[in-house]
file my_file.cif (mmCIF, C-alpha atoms)
data_entry
#
loop_
_atom_site.group_PDB
_atom_site.id
_atom_site.type_symbol
_atom_site.label_atom_id
_atom_site.label_comp_id
_atom_site.auth_asym_id
_atom_site.auth_seq_id
_atom_site.Cartn_x
_atom_site.Cartn_y
_atom_site.Cartn_z
ATOM 1 C CA MET A 14 54.519 -2.564 30.385
ATOM 2 C CA THR A 15 55.947 -6.072 30.226
ATOM 3 C CA VAL A 16 54.768 -8.788 27.856
ATOM 4 C CA ARG A 17 55.152 -12.341 29.145
ATOM 5 C CA LEU A 18 55.401 -15.235 26.721
ATOM 6 C CA GLY A 19 56.132 -18.859 27.528
ATOM 7 C CA LYS A 20 59.162 -20.515 25.979
ATOM 8 C CA LEU A 21 57.003 -23.148 24.248
ATOM 9 C CA LEU A 22 54.776 -20.529 22.640
ATOM 10 C CA ARG A 23 57.817 -18.580 21.495
ATOM 11 C CA GLY A 24 59.170 -21.812 20.030
ATOM 12 C CA ARG A 25 55.908 -22.410 18.175
ATOM 13 C CA ILE A 26 56.074 -18.899 16.684
ATOM 14 C CA PHE A 27 59.706 -19.394 15.619
ATOM 15 C CA GLU A 28 58.865 -22.760 14.053
ATOM 16 C CA GLN A 29 55.913 -21.328 12.134
ATOM 17 C CA MET A 30 57.932 -18.360 10.914
ATOM 18 C CA GLU A 31 60.712 -20.659 9.695
ATOM 19 C CA ASP A 32 58.139 -22.898 7.946
ATOM 20 C CA THR A 33 56.654 -19.945 6.044
ATOM 21 C CA TYR A 34 60.096 -18.528 5.092
ATOM 22 C CA PRO A 35 60.886 -16.936 2.635
ATOM 23 C CA ASN A 36 57.340 -15.618 2.918
ATOM 24 C CA GLU A 37 55.824 -13.805 5.865
ATOM 25 C CA GLY A 38 53.615 -15.691 8.313
ATOM 26 C CA GLY A 39 51.555 -14.644 11.280
ATOM 27 C CA GLY A 40 48.635 -15.123 13.622
ATOM 28 C CA PHE A 41 46.779 -13.793 16.636
ATOM 29 C CA LEU A 42 47.802 -13.513 20.280
ATOM 30 C CA LEU A 43 45.244 -14.386 22.944
ATOM 31 C CA GLY A 44 46.015 -13.384 26.491
ATOM 32 C CA GLU A 45 45.161 -11.747 29.764
ATOM 33 C CA LEU A 46 46.081 -8.561 31.561
ATOM 34 C CA GLU A 47 47.805 -9.070 34.911
ATOM 35 C CA GLY A 48 48.565 -5.826 36.673
ATOM 36 C CA ASN A 49 50.970 -3.956 34.448
ATOM 37 C CA SER A 50 51.744 -7.003 32.315
ATOM 38 C CA THR A 51 50.148 -8.768 29.397
ATOM 39 C CA VAL A 52 50.442 -12.541 29.513
ATOM 40 C CA ILE A 53 50.148 -14.391 26.203
ATOM 41 C CA ARG A 54 48.133 -17.579 26.808
ATOM 42 C CA ASP A 55 47.794 -18.876 23.258
ATOM 43 C CA ILE A 56 48.743 -18.187 19.683
ATOM 44 C CA ILE A 57 46.532 -18.943 16.692
ATOM 45 C CA GLN A 58 48.179 -19.329 13.316
ATOM 46 C CA VAL A 59 46.347 -17.549 10.489
ATOM 47 C CA ASP A 60 47.081 -18.011 6.778
ATOM 48 C CA ASN A 61 48.651 -15.171 4.839
ATOM 49 C CA VAL A 62 46.077 -13.985 2.282
ATOM 50 C CA PHE A 63 48.215 -11.312 0.627
ATOM 51 C CA GLU A 64 48.855 -11.786 -3.120
ATOM 52 C CA GLU A 65 51.235 -14.750 -3.328
ATOM 53 C CA GLU A 66 53.988 -12.940 -5.231
ATOM 54 C CA GLU A 67 54.103 -10.223 -2.534
ATOM 55 C CA GLN A 68 54.116 -12.530 0.507
ATOM 56 C CA TYR A 69 57.903 -12.287 0.876
ATOM 57 C CA HIS A 70 57.381 -8.812 2.349
ATOM 58 C CA ARG A 71 53.662 -8.559 3.060
ATOM 59 C CA TYR A 72 51.223 -10.328 5.378
ATOM 60 C CA ALA A 73 47.448 -9.968 5.685
ATOM 61 C CA MET A 74 44.497 -11.699 7.312
ATOM 62 C CA THR A 75 40.827 -11.448 6.353
ATOM 63 C CA PRO A 76 38.250 -9.515 8.417
ATOM 64 C CA GLN A 77 36.531 -12.887 8.889
ATOM 65 C CA ASP A 78 39.675 -14.165 10.660
ATOM 66 C CA TRP A 79 39.434 -11.237 13.079
ATOM 67 C CA MET A 80 35.719 -11.890 13.762
ATOM 68 C CA ARG A 81 36.309 -15.591 14.368
ATOM 69 C CA LEU A 82 39.276 -15.089 16.702
ATOM 70 C CA GLU A 83 37.741 -12.177 18.626
ATOM 71 C CA ASP A 84 34.660 -14.337 19.249
ATOM 72 C CA GLU A 85 36.873 -17.279 20.239
ATOM 73 C CA ALA A 86 38.804 -15.100 22.701
ATOM 74 C CA ASP A 87 35.522 -13.911 24.253
ATOM 75 C CA ASP A 88 34.245 -17.499 24.526
ATOM 76 C CA ARG A 89 37.470 -18.606 26.245
ATOM 77 C CA GLY A 90 37.494 -15.662 28.672
ATOM 78 C CA LEU A 91 40.642 -14.314 27.009
ATOM 79 C CA ILE A 92 41.430 -11.087 25.193
ATOM 80 C CA LEU A 93 42.630 -10.607 21.632
ATOM 81 C CA VAL A 94 45.759 -8.786 22.778
ATOM 82 C CA GLY A 95 47.714 -8.577 19.541
ATOM 83 C CA TYR A 96 49.106 -10.275 16.516
ATOM 84 C CA TYR A 97 52.445 -11.620 15.388
ATOM 85 C CA HIS A 98 54.136 -11.783 12.023
ATOM 86 C CA SER A 99 57.559 -12.330 10.526
ATOM 87 C CA HIS A 100 59.968 -10.124 8.624
ATOM 88 C CA PRO A 101 62.007 -12.467 6.407
ATOM 89 C CA ASP A 102 65.577 -11.183 5.972
ATOM 90 C CA SER A 103 64.469 -7.919 7.493
ATOM 91 C CA PRO A 104 64.813 -6.521 11.026
ATOM 92 C CA ALA A 105 62.220 -7.116 13.768
ATOM 93 C CA VAL A 106 61.210 -3.480 13.694
ATOM 94 C CA PRO A 107 57.913 -2.108 12.383
ATOM 95 C CA SER A 108 57.881 -0.723 8.868
ATOM 96 C CA GLU A 109 55.918 2.316 7.723
ATOM 97 C CA TYR A 110 53.473 -0.166 6.202
ATOM 98 C CA ASP A 111 53.033 -1.738 9.661
ATOM 99 C CA ARG A 112 52.354 1.677 11.218
ATOM 100 C CA GLU A 113 49.757 2.651 8.626
ATOM 101 C CA HIS A 114 47.797 -0.539 9.340
ATOM 102 C CA ALA A 115 48.198 -0.616 13.124
ATOM 103 C CA LEU A 116 45.919 0.039 16.066
ATOM 104 C CA PRO A 117 46.872 1.305 19.529
ATOM 105 C CA ASN A 118 46.371 -0.872 22.633
ATOM 106 C CA PHE A 119 47.415 -3.882 20.592
ATOM 107 C CA LEU A 120 50.669 -5.829 20.679
ATOM 108 C CA TYR A 121 52.707 -6.347 17.532
ATOM 109 C CA ILE A 122 55.215 -9.147 17.886
ATOM 110 C CA ILE A 123 57.678 -9.159 15.002
ATOM 111 C CA THR A 124 60.123 -11.986 14.386
ATOM 112 C CA SER A 125 63.093 -11.520 12.110
ATOM 113 C CA VAL A 126 63.919 -14.629 10.065
ATOM 114 C CA GLU A 127 67.358 -14.458 8.536
ATOM 115 C CA MET A 128 68.277 -17.066 5.896
ATOM 116 C CA GLY A 129 65.463 -19.279 7.186
ATOM 117 C CA GLN A 130 66.455 -19.008 10.853
ATOM 118 C CA ALA A 131 64.192 -17.110 13.311
ATOM 119 C CA ASN A 132 66.668 -15.150 15.390
ATOM 120 C CA ASP A 133 65.097 -12.051 16.903
ATOM 121 C CA MET A 134 61.668 -11.370 18.438
ATOM 122 C CA ARG A 135 60.554 -7.915 19.533
ATOM 123 C CA VAL A 136 57.269 -6.521 20.818
ATOM 124 C CA TRP A 137 55.872 -3.152 19.765
ATOM 125 C CA LYS A 138 52.872 -0.988 20.517
ATOM 126 C CA LEU A 139 51.525 1.945 18.510
ATOM 127 C CA ARG A 140 51.230 5.261 20.352
ATOM 128 C CA ALA A 141 47.702 6.616 20.748
ATOM 129 C CA ASP A 142 48.476 9.503 18.356
ATOM 130 C CA ARG A 143 49.557 6.920 15.718
ATOM 131 C CA SER A 144 52.940 8.655 15.299
ATOM 132 C CA VAL A 145 55.326 5.850 16.196
ATOM 133 C CA PHE A 146 55.708 2.373 17.699
ATOM 134 C CA ASP A 147 57.305 2.003 21.122
ATOM 135 C CA ARG A 148 59.209 -1.145 21.988
ATOM 136 C CA GLU A 149 57.803 -3.129 24.925
ATOM 137 C CA GLU A 150 59.753 -5.338 27.287
ATOM 138 C CA LEU A 151 59.462 -9.067 26.479
ATOM 139 C CA GLU A 152 59.895 -11.583 29.277
ATOM 140 C CA VAL A 153 60.215 -15.188 28.131
ATOM 141 C CA LEU A 154 58.894 -17.591 30.762
ATOM 142 C CA GLU A 155 60.280 -21.086 31.319
ATOM 143 C CA ILE A 156 56.734 -22.421 31.862
ATOM 144 C CA ASP A 157 53.806 -21.672 29.512
ATOM 145 C CA MET B 24 18.892 2.161 17.863
ATOM 146 C CA ALA B 25 21.387 0.010 15.984
ATOM 147 C CA SER B 26 24.347 -1.368 17.874
ATOM 148 C CA ILE B 27 28.027 -1.253 16.912
ATOM 149 C CA ARG B 28 30.516 -3.833 18.153
ATOM 150 C CA ILE B 29 33.853 -2.225 18.974
ATOM 151 C CA PRO B 30 37.081 -4.170 18.275
ATOM 152 C CA THR B 31 39.071 -5.064 21.389
ATOM 153 C CA PRO B 32 41.947 -2.542 20.953
ATOM 154 C CA LEU B 33 39.544 0.390 20.571
ATOM 155 C CA ARG B 34 37.466 -0.399 23.661
ATOM 156 C CA ALA B 35 39.923 1.765 25.609
ATOM 157 C CA TYR B 36 38.153 4.715 23.949
ATOM 158 C CA THR B 37 34.616 3.589 24.805
ATOM 159 C CA GLY B 38 35.143 3.140 28.522
ATOM 160 C CA GLY B 39 35.642 -0.586 27.979
ATOM 161 C CA ALA B 40 32.242 -1.062 26.322
ATOM 162 C CA SER B 41 32.211 -3.680 23.575
ATOM 163 C CA ASN B 42 28.782 -2.733 22.171
ATOM 164 C CA ILE B 43 27.506 0.811 21.736
ATOM 165 C CA ASP B 44 23.963 1.738 20.726
ATOM 166 C CA VAL B 45 23.893 4.514 18.153
ATOM 167 C CA SER B 46 21.208 6.409 16.281
ATOM 168 C CA GLY B 47 21.361 7.173 12.562
ATOM 169 C CA GLY B 48 19.623 6.107 9.366
ATOM 170 C CA THR B 49 22.807 5.135 7.515
ATOM 171 C CA VAL B 50 26.120 3.529 8.441
ATOM 172 C CA GLY B 51 27.847 6.901 7.984
ATOM 173 C CA GLU B 52 25.443 8.684 10.325
ATOM 174 C CA ALA B 53 25.807 5.951 12.927
ATOM 175 C CA LEU B 54 29.617 6.172 12.791
ATOM 176 C CA MET B 55 29.526 9.977 13.049
ATOM 177 C CA ASN B 56 27.312 9.689 16.119
ATOM 178 C CA LEU B 57 29.686 7.099 17.541
ATOM 179 C CA VAL B 58 32.789 9.300 17.179
ATOM 180 C CA GLU B 59 30.889 12.321 18.476
ATOM 181 C CA ALA B 60 30.119 10.401 21.654
ATOM 182 C CA HIS B 61 33.644 8.896 21.804
ATOM 183 C CA PRO B 62 35.946 11.438 20.090
ATOM 184 C CA ASP B 63 39.194 9.527 20.668
ATOM 185 C CA LEU B 64 37.942 6.848 18.272
ATOM 186 C CA ARG B 65 37.916 9.215 15.304
ATOM 187 C CA VAL B 66 41.618 9.192 14.380
ATOM 188 C CA HIS B 67 41.688 5.386 14.339
ATOM 189 C CA LEU B 68 38.587 5.025 12.150
ATOM 190 C CA PHE B 69 38.830 8.000 9.814
ATOM 191 C CA ASN B 70 41.477 9.726 7.749
ATOM 192 C CA ASP B 71 39.825 13.146 7.339
ATOM 193 C CA ASP B 72 36.268 12.085 6.454
ATOM 194 C CA GLU B 73 37.211 8.829 4.737
ATOM 195 C CA LEU B 74 37.154 5.489 6.517
ATOM 196 C CA ARG B 75 40.740 4.289 6.923
ATOM 197 C CA SER B 76 41.564 1.624 4.376
ATOM 198 C CA PHE B 77 42.094 -1.055 7.037
ATOM 199 C CA VAL B 78 38.782 -0.360 8.784
ATOM 200 C CA ASN B 79 35.915 -2.585 7.668
ATOM 201 C CA ILE B 80 32.297 -2.207 8.692
ATOM 202 C CA PHE B 81 30.096 -5.264 8.633
ATOM 203 C CA ILE B 82 26.332 -5.505 9.041
ATOM 204 C CA ASP B 83 25.905 -9.026 10.299
ATOM 205 C CA ASP B 84 28.178 -10.891 7.849
ATOM 206 C CA GLU B 85 28.017 -8.343 5.032
ATOM 207 C CA ASP B 86 30.835 -5.900 4.297
ATOM 208 C CA ILE B 87 29.361 -2.448 3.575
ATOM 209 C CA ARG B 88 31.921 -2.015 0.749
ATOM 210 C CA PHE B 89 29.791 -4.529 -1.166
ATOM 211 C CA MET B 90 26.608 -2.646 -0.252
ATOM 212 C CA GLN B 91 26.299 1.140 -0.493
ATOM 213 C CA GLY B 92 29.294 1.948 1.693
ATOM 214 C CA LEU B 93 28.682 4.644 4.296
ATOM 215 C CA ASP B 94 25.350 5.412 2.587
ATOM 216 C CA THR B 95 24.023 1.934 3.382
ATOM 217 C CA GLU B 96 20.717 2.316 5.190
ATOM 218 C CA ILE B 97 20.356 0.631 8.558
ATOM 219 C CA ALA B 98 17.449 -0.342 10.773
ATOM 220 C CA ALA B 99 17.264 -0.065 14.547
ATOM 221 C CA SER B 100 17.556 -3.839 14.782
ATOM 222 C CA ASP B 101 20.848 -3.994 12.842
ATOM 223 C CA SER B 102 24.112 -5.055 14.448
ATOM 224 C CA LEU B 103 27.160 -3.360 13.015
ATOM 225 C CA ARG B 104 30.705 -4.475 13.663
ATOM 226 C CA ILE B 105 33.989 -2.636 13.187
ATOM 227 C CA ILE B 106 36.675 -5.044 11.985
ATOM 228 C CA PRO B 107 40.270 -4.014 11.399
ATOM 229 C CA SER B 108 42.113 -5.646 8.513
ATOM 230 C CA ILE B 109 45.345 -6.966 9.896
ATOM 231 C CA ALA B 110 48.303 -6.400 7.633
ATOM 232 C CA GLY B 111 52.005 -5.931 7.985
ATOM 233 C CA GLY B 112 55.252 -6.205 6.206
ATOM 234 C CA GLY B 113 58.986 -6.013 6.510
ATOM 235 C CA ILE B 114 61.459 -3.524 5.241
ATOM 236 C CA ILE B 115 63.448 -4.901 2.344
ATOM 237 C CA ALA B 116 66.712 -5.758 4.077
ATOM 238 C CA TRP B 117 69.182 -4.534 1.481
ATOM 239 C CA ARG B 118 67.820 -1.050 2.025
ATOM 240 C CA LEU B 119 68.922 -1.240 5.660
ATOM 241 C CA PRO B 120 72.441 -2.691 5.693
ATOM 242 C CA GLU B 121 73.087 -1.099 9.085
ATOM 243 C CA TRP B 122 70.466 -3.210 10.913
ATOM 244 C CA LYS B 123 72.892 -6.036 11.648
#

call {"tool": "encode", "arguments": {"input": "my_file.cif", "output": "structure tokens"}}
result
Amino acid sequence: MTVRLGKLLRGRIFEQMEDTYPNEGGGFLLGELEGNSTVIRDIIQVDNVFEEEEQYHRYAMTPQDWMRLEDEADDRGLILVGYYHSHPDSPAVPSEYDREHALPNFLYIITSVEMGQANDMRVWKLRADRSVFDREELEVLEID
Amino acid sequence: MASIRIPTPLRAYTGGASNIDVSGGTVGEALMNLVEAHPDLRVHLFNDDELRSFVNIFIDDEDIRFMQGLDTEIAASDSLRIIPSIAGGGIIAWRLPEWK
């Protein structure tokens, strides 16, 4: 499966992740399914509500954020296809903590931010048996 | 029967349905009936017989953790909603010097 993301949206994610550095930041991905691809149509920034002193390596949203964004996606004829977050000074690969809190059929975009510079974005999906994340192909589009 | 709203990623296990009507006098009974009808949901909602820590159940806008948990009584007119808590976190980099 390929995930398609416009260059401008990728830029907005990078900018947000650099702004929240050295803490983690994140948000939701709204999109559509097109054949064997998922196309990201919009990103919605969501505040990190984890305890402030732990935000350098932890990110969380409230259940109310999920409700609001899932309803918004429905209203806009889009799908809540995943979420994105950063790993400051840490690789763009899912941690065990990520796996324990993940759902299948949902995209996890992780951006590594090294010394304040967003430099690597990877997309992951949890296997249905919850055992491991598989990396998905990311295609960055010139036009959003 | 009460209805349960299924979060988007788990609709793959309910044949695409976003709302499922379930019988049961408590939240726990309703969830058991839900996973009996849609067995692939179980592993994502429960760890053994406990709700996974990132799975929240709301009745309208009320979190059942602030009510009587799975023993919370429900009426046929109630709308339940399964809401995942989104959380994540990096690996502390100095533990993985090889990642560069």

call {"tool": "resolve_selection", "arguments": {"input": "my_file.cif", "expression": "the PyMOL selection byres ((chain B) within 6 of (chain A))", "output": "list in words"}}
result
Pro32, Ile106, Ser108, Ile109, Ala110, Gly111, Gly112, Gly113, Ile114 and Ala116 of chain B

call {"tool": "resolve_selection", "arguments": {"input": "my_file.cif", "expression": "the PyMOL selection byres ((chain B and resi 36) around 10)", "output": "NGL selection string"}}
result
:B and (29 or 32-35 or 37-40 or 58 or 61-65)

call {"tool": "write_last_selection", "arguments": {"input": "my_file.cif", "atoms": "C-alpha atoms", "output": "PDB file, in the frame of the given file"}}
result
ATOM      1  CA  ILE B  29      33.853  -2.225  18.974  1.00  0.00           C
ATOM      2  CA  PRO B  32      41.947  -2.542  20.953  1.00  0.00           C
ATOM      3  CA  LEU B  33      39.544   0.390  20.571  1.00  0.00           C
ATOM      4  CA  ARG B  34      37.466  -0.399  23.661  1.00  0.00           C
ATOM      5  CA  ALA B  35      39.923   1.765  25.609  1.00  0.00           C
ATOM      6  CA  THR B  37      34.616   3.589  24.805  1.00  0.00           C
ATOM      7  CA  GLY B  38      35.143   3.140  28.522  1.00  0.00           C
ATOM      8  CA  GLY B  39      35.642  -0.586  27.979  1.00  0.00           C
ATOM      9  CA  ALA B  40      32.242  -1.062  26.322  1.00  0.00           C
ATOM     10  CA  VAL B  58      32.789   9.300  17.179  1.00  0.00           C
ATOM     11  CA  HIS B  61      33.644   8.896  21.804  1.00  0.00           C
ATOM     12  CA  PRO B  62      35.946  11.438  20.090  1.00  0.00           C
ATOM     13  CA  ASP B  63      39.194   9.527  20.668  1.00  0.00           C
ATOM     14  CA  LEU B  64      37.942   6.848  18.272  1.00  0.00           C
ATOM     15  CA  ARG B  65      37.916   9.215  15.304  1.00  0.00           C
TER      16      ARG B  65
END

call {"tool": "atom_distance", "arguments": {"input": "my_file.cif", "atom1": "atom CA of Met128 of chain A", "atom2": "atom CA of Ile26 of chain A"}}
result
16.4 Å

call {"tool": "closest_residue", "arguments": {"input": "my_file.cif", "among": "B:Phe77, B:His67, B:Leu57, B:Ser26", "to": "Ser144 of chain A", "atoms": "all atoms listed in the file"}}
result
B:His67

call {"tool": "resolve_selection", "arguments": {"input": "my_file.cif", "expression": "the PyMOL selection byres ((chain B and resi 100) around 8)", "output": "list in words"}}
result
Met24, Ala25, Ser26, Ala98, Ala99, Asp101 and Ser102 of chain B

call {"tool": "atom_distance", "arguments": {"input": "my_file.cif", "atom1": "atom CA of Asn36 of chain A", "atom2": "atom CA of Asn132 of chain A"}}
result
15.6 Å

call {"tool": "atom_distance", "arguments": {"input": "my_file.cif", "atom1": "atom CA of Gly48 of chain B", "atom2": "atom CA of Gln91 of chain B"}}
result
12.9 Å

call {"tool": "closest_residue", "arguments": {"input": "my_file.cif", "among": "B:Pro107, B:Pro30, B:Gly47, B:Ile87", "to": "Arg75 of chain B", "atoms": "all atoms listed in the file"}}
result
B:Pro107
